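Worksheet: one structure, shown below.
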Amino acid sequence: MQNQTFYSNGKLLLTGEYVVLDGAKALAVPTRFGQNLIVKKGNNQLIKWISFDADETIWFQDIITFEEIKNKSLSYTNNKVKNTLIEILYQAFMQQPNFLNAEGYEIETHLTFPRIWGLGTSSTLINNIGQWLQIDAFELLSKSFGGSGYDVACAKSNLPIIYQLENEVPHFKAIHFNPQFKENIHFVYLNQKQSSKSAISNYLTQRHKTGKIISKINTITYQAIDCKEGKEFAKLMEQHEVIMSDVLETKTVQEKLFPDFKGVVKSLGAWGGDFVMVLSKENPKDYFLEKGYSTILSYEDMVL
């Protein structure tokens, strides 16, 4: 067996966070950052697994036996990352049993973004495993990790997408979205890693409110794609924040952290952490640096 290398893009959800789970149409973009998976021949029916962060430090390393995967042995390990990985590999085995007919594997993963950024460590891994074993990555996600699947769609796409779940089935199409005002868009990391799983379960307790707002969010998504002016786009993002603030019964990130900012700050993905999108006439770097936020990327630097 020759060494095989697979790559998947990271993701950002610009509109439709949370309500994408209930069928809203969401605008998502793949990022210039992502993750590689390198598969080498191993032995003894073992997988020697090693995961590198963007700075090449090892953030996870372990040995998993084929037996552990086949029996989904989660009960005796306190290592959450290992448990999750066994869960994913067990589901991959259910979809493609032949993959454990090999002698063994040595697997490396390499992130090109810092893991704490939340740009899709899990989704890029799942899509890479899907490519490696030639199985459906959306099924692998839904049966192991859960979530809407927009992140797996971004992992596969080199263009922005509209993503929608219809009767739990993922649909996405590549679109032309290259805003003329992109120099007015920045992404700021809030240094608050959010767990997608817990954010989703919080949302699910509020989802009885979503029926009426899905069409509003869909309209905002389409209007945002067609926007020619930054001012109009900022207004739409502000409307989106107000709608979701009501559903989640949570203050917007701008109200909470940046009430004096001249421009619009929009949450992306799980509210309260990871990246926010910042829309402003002036370059916002000084404002955010002064507030203690040092990771500020331009649209060009972030979006593929």
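Just remember, in the structure tokens the first chain shown is A, the second B, etc., residues are 1-based per chain, and ligands are 1-based in the order shown.
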
Filtered DSSP result for range 17-123 of chain A, state alpha helix (DSSP H), as number ranges by chain | A: 66-70, 80-95, 121-123

Would you give me, as number ranges by chain, the residues in range 55-282 of chain A that DSSP reads as strand (DSSP E or B)?
-> A: 58-65, 105-111, 161-166, 169-174, 185-189, 264-267, 275-279

List the neighbours of range 229-231 of chain A out to 9 Å using only C-alpha atoms; skip same-chain residues closer than 6 positions along the sequence, and give me the result as number ranges by chain.
-> A: 179-182, 184-185, 279-281

Name the residues in contact with Thr57 in chain A at a cut-off of 12 Å, using only C-alpha atoms, excluding same-chain residues fewer than 4 positions from it; report them as a VMD selection string.
-> chain A and resid 50 to 53 61 109 to 112 114 to 115

Which residues, written as a ChimeraX atom specification, have at least one atom at most 9 Å from Lys11 in chain A, with only C-alpha atoms counted and residues fewer than 6 positions away on the same chain left out?
-> /A:28-34,118-120,123-124,150-155,303

Just to be explicit: take each residue in the selection above, keep N, CA and C atoms, and write the result as a PDB file, in the first residue's frame.
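Listed below is the output, selection_22.pdb:
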ATOM      1  N   ALA A  28     -22.792  29.406   3.525  1.00  0.00           N
ATOM      2  CA  ALA A  28     -21.554  28.964   4.178  1.00  0.00           C
ATOM      3  C   ALA A  28     -20.391  29.108   3.213  1.00  0.00           C
ATOM      4  N   VAL A  29     -19.194  29.313   3.779  1.00  0.00           N
ATOM      5  CA  VAL A  29     -18.009  29.471   2.928  1.00  0.00           C
ATOM      6  C   VAL A  29     -16.906  28.530   3.400  1.00  0.00           C
ATOM      7  N   PRO A  30     -16.190  27.910   2.438  1.00  0.00           N
ATOM      8  CA  PRO A  30     -15.005  27.133   2.814  1.00  0.00           C
ATOM      9  C   PRO A  30     -13.852  28.093   3.124  1.00  0.00           C
ATOM     10  N   THR A  31     -12.974  27.686   4.014  1.00  0.00           N
ATOM     11  CA  THR A  31     -11.850  28.559   4.385  1.00  0.00           C
ATOM     12  C   THR A  31     -10.562  28.113   3.690  1.00  0.00           C
ATOM     13  N   ARG A  32      -9.584  29.012   3.708  1.00  0.00           N
ATOM     14  CA  ARG A  32      -8.265  28.693   3.154  1.00  0.00           C
ATOM     15  C   ARG A  32      -7.520  27.704   4.049  1.00  0.00           C
ATOM     16  N   PHE A  33      -8.062  27.491   5.237  1.00  0.00           N
ATOM     17  CA  PHE A  33      -7.447  26.568   6.197  1.00  0.00           C
ATOM     18  C   PHE A  33      -8.196  25.243   6.187  1.00  0.00           C
ATOM     19  N   GLY A  34      -7.521  24.159   6.530  1.00  0.00           N
ATOM     20  CA  GLY A  34      -8.191  22.863   6.551  1.00  0.00           C
ATOM     21  C   GLY A  34      -7.349  21.821   7.254  1.00  0.00           C
ATOM     22  N   GLY A 118     -11.809  26.466  15.875  1.00  0.00           N
ATOM     23  CA  GLY A 118     -13.154  25.942  15.601  1.00  0.00           C
ATOM     24  C   GLY A 118     -13.576  26.035  14.151  1.00  0.00           C
ATOM     25  N   LEU A 119     -12.621  25.868  13.231  1.00  0.00           N
ATOM     26  CA  LEU A 119     -12.969  25.937  11.800  1.00  0.00           C
ATOM     27  C   LEU A 119     -13.315  24.561  11.218  1.00  0.00           C
ATOM     28  N   GLY A 120     -13.394  23.538  12.077  1.00  0.00           N
ATOM     29  CA  GLY A 120     -13.850  22.241  11.568  1.00  0.00           C
ATOM     30  C   GLY A 120     -12.863  21.102  11.716  1.00  0.00           C
ATOM     31  N   SER A 123     -15.159  17.999  11.245  1.00  0.00           N
ATOM     32  CA  SER A 123     -15.766  17.842   9.912  1.00  0.00           C
ATOM     33  C   SER A 123     -14.713  17.558   8.843  1.00  0.00           C
ATOM     34  N   THR A 124     -13.532  18.189   8.971  1.00  0.00           N
ATOM     35  CA  THR A 124     -12.475  17.924   7.987  1.00  0.00           C
ATOM     36  C   THR A 124     -11.960  16.501   8.141  1.00  0.00           C
ATOM     37  N   TYR A 150     -23.485  21.019   7.229  1.00  0.00           N
ATOM     38  CA  TYR A 150     -22.999  22.104   6.352  1.00  0.00           C
ATOM     39  C   TYR A 150     -21.469  22.121   6.340  1.00  0.00           C
ATOM     40  N   ASP A 151     -20.866  21.723   7.490  1.00  0.00           N
ATOM     41  CA  ASP A 151     -19.404  21.750   7.594  1.00  0.00           C
ATOM     42  C   ASP A 151     -18.756  20.717   6.672  1.00  0.00           C
ATOM     43  N   VAL A 152     -19.408  19.559   6.520  1.00  0.00           N
ATOM     44  CA  VAL A 152     -18.902  18.533   5.594  1.00  0.00           C
ATOM     45  C   VAL A 152     -19.062  19.019   4.150  1.00  0.00           C
ATOM     46  N   ALA A 153     -20.169  19.715   3.880  1.00  0.00           N
ATOM     47  CA  ALA A 153     -20.368  20.274   2.528  1.00  0.00           C
ATOM     48  C   ALA A 153     -19.254  21.273   2.203  1.00  0.00           C
ATOM     49  N   CYS A 154     -18.883  22.114   3.176  1.00  0.00           N
ATOM     50  CA  CYS A 154     -17.774  23.064   2.960  1.00  0.00           C
ATOM     51  C   CYS A 154     -16.448  22.335   2.778  1.00  0.00           C
ATOM     52  N   ALA A 155     -16.284  21.233   3.518  1.00  0.00           N
ATOM     53  CA  ALA A 155     -15.046  20.446   3.399  1.00  0.00           C
ATOM     54  C   ALA A 155     -14.848  19.981   1.962  1.00  0.00           C
ATOM     55  N   VAL A 303     -11.255  33.372   3.576  1.00  0.00           N
ATOM     56  CA  VAL A 303     -12.200  32.618   2.727  1.00  0.00           C
ATOM     57  C   VAL A 303     -11.513  32.154   1.448  1.00  0.00           C
TER      58      VAL A 303
END

Pairwise distance for CA of Ala224 in chain A and CA of Gly10 in chain A, rounded to one decimal in Å =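 Calculated distance between CA of Ala224 in chain A and CA of Gly10 in chain A is 21.2 Å.
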
Go through A:Lys70, A:Lys143, A:His186, A:Lys80 one by one, measure the shortest atom-to-atom distance of each to Phe275 in chain A using only C-alpha atoms, and give the residue with the smallest value.
->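 That would be A:His186, the residue with the smallest distance to Phe275 in chain A.
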
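Coordinates place CA of Tyr299 in chain A at a distance of 19.1 Å from CA of Glu17 in chain A.
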
Which residues of range 166-200 of chain A sit at most 10 Å from range 22-25 of chain A, using only C-alpha atoms? Give each one's shortest atom pair and distance in Å (one decimal place), in chain and ascending residue order, as JSON lines.
{"residue": "A:Glu166", "atom": "CA", "partner": "A:Gly23", "partner_atom": "CA", "distance": 6.0}
{"residue": "A:Asn167", "atom": "CA", "partner": "A:Gly23", "partner_atom": "CA", "distance": 7.9}
{"residue": "A:Glu168", "atom": "CA", "partner": "A:Gly23", "partner_atom": "CA", "distance": 8.1}
{"residue": "A:Val169", "atom": "CA", "partner": "A:Gly23", "partner_atom": "CA", "distance": 9.6}
{"residue": "A:Pro170", "atom": "CA", "partner": "A:Gly23", "partner_atom": "CA", "distance": 9.5}
{"residue": "A:His171", "atom": "CA", "partner": "A:Lys25", "partner_atom": "CA", "distance": 9.6}
{"residue": "A:Phe172", "atom": "CA", "partner": "A:Lys25", "partner_atom": "CA", "distance": 9.3}

Quick one: pull the distance between CA of Ile69 in chain A and CA of Ala102 in chain A, Å, one decimal.
->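 So the answer is 13.5 Å.
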
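Between Asn158 in chain A and the residues A:Phe99, A:Gln254, A:His176, A:Thr221, the shortest atom-to-atom distance, using only C-alpha atoms, involves A:His176.
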
A:Thr205, A:Gln2, A:Gln134, A:Gln223: which is nearest Ile38 in chain A, counting only C-alpha atoms?
->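 The shortest atom-to-atom distance to Ile38 in chain A comes from A:Gln2.
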
Taking only C-alpha atoms into account, which of A:Glu249, A:His240, A:Val39, A:Glu183 comes nearest Asn283 in chain A?
->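 Nearest candidate to Asn283 in chain A out of A:Glu249, A:His240, A:Val39, A:Glu183: A:Glu183.
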
Using only C-alpha atoms, the residue out of A:Thr65, A:Asn9, A:Asn3, A:Thr250 with shortest distance to Lys40 in chain A is A:Asn3

Select, from A:Glu282, A:Glu300, A:Glu106, A:Glu68, the residue with the minimum atom-to-atom distance to Phe261 in chain A, counting only C-alpha atoms.
-> A:Glu282

Leu257 in chain A surroundings by only C-alpha atoms, 10 Å radius, close-in-sequence under 5 positions cut, as a CSV table (one decimal) with C-alpha atoms, in the first residue's frame:
chain,number,residue,atom,x,y,z
A,190,LEU,CA,-13.1,35.5,20.4
A,251,LYS,CA,-28.0,39.0,23.9
A,252,THR,CA,-26.2,39.5,20.6
A,265,VAL,CA,-20.6,42.3,14.6
A,272,GLY,CA,-20.6,33.1,22.2
A,291,LYS,CA,-10.1,45.0,23.5

Near Ser215 in chain A, within 12 Å and counting only C-alpha atoms, which residues show up once chain neighbours fewer than 2 positions away are dropped, as number ranges by chain?
-> A: 16, 19-20, 22-26, 210-213, 217-222, 240, 243
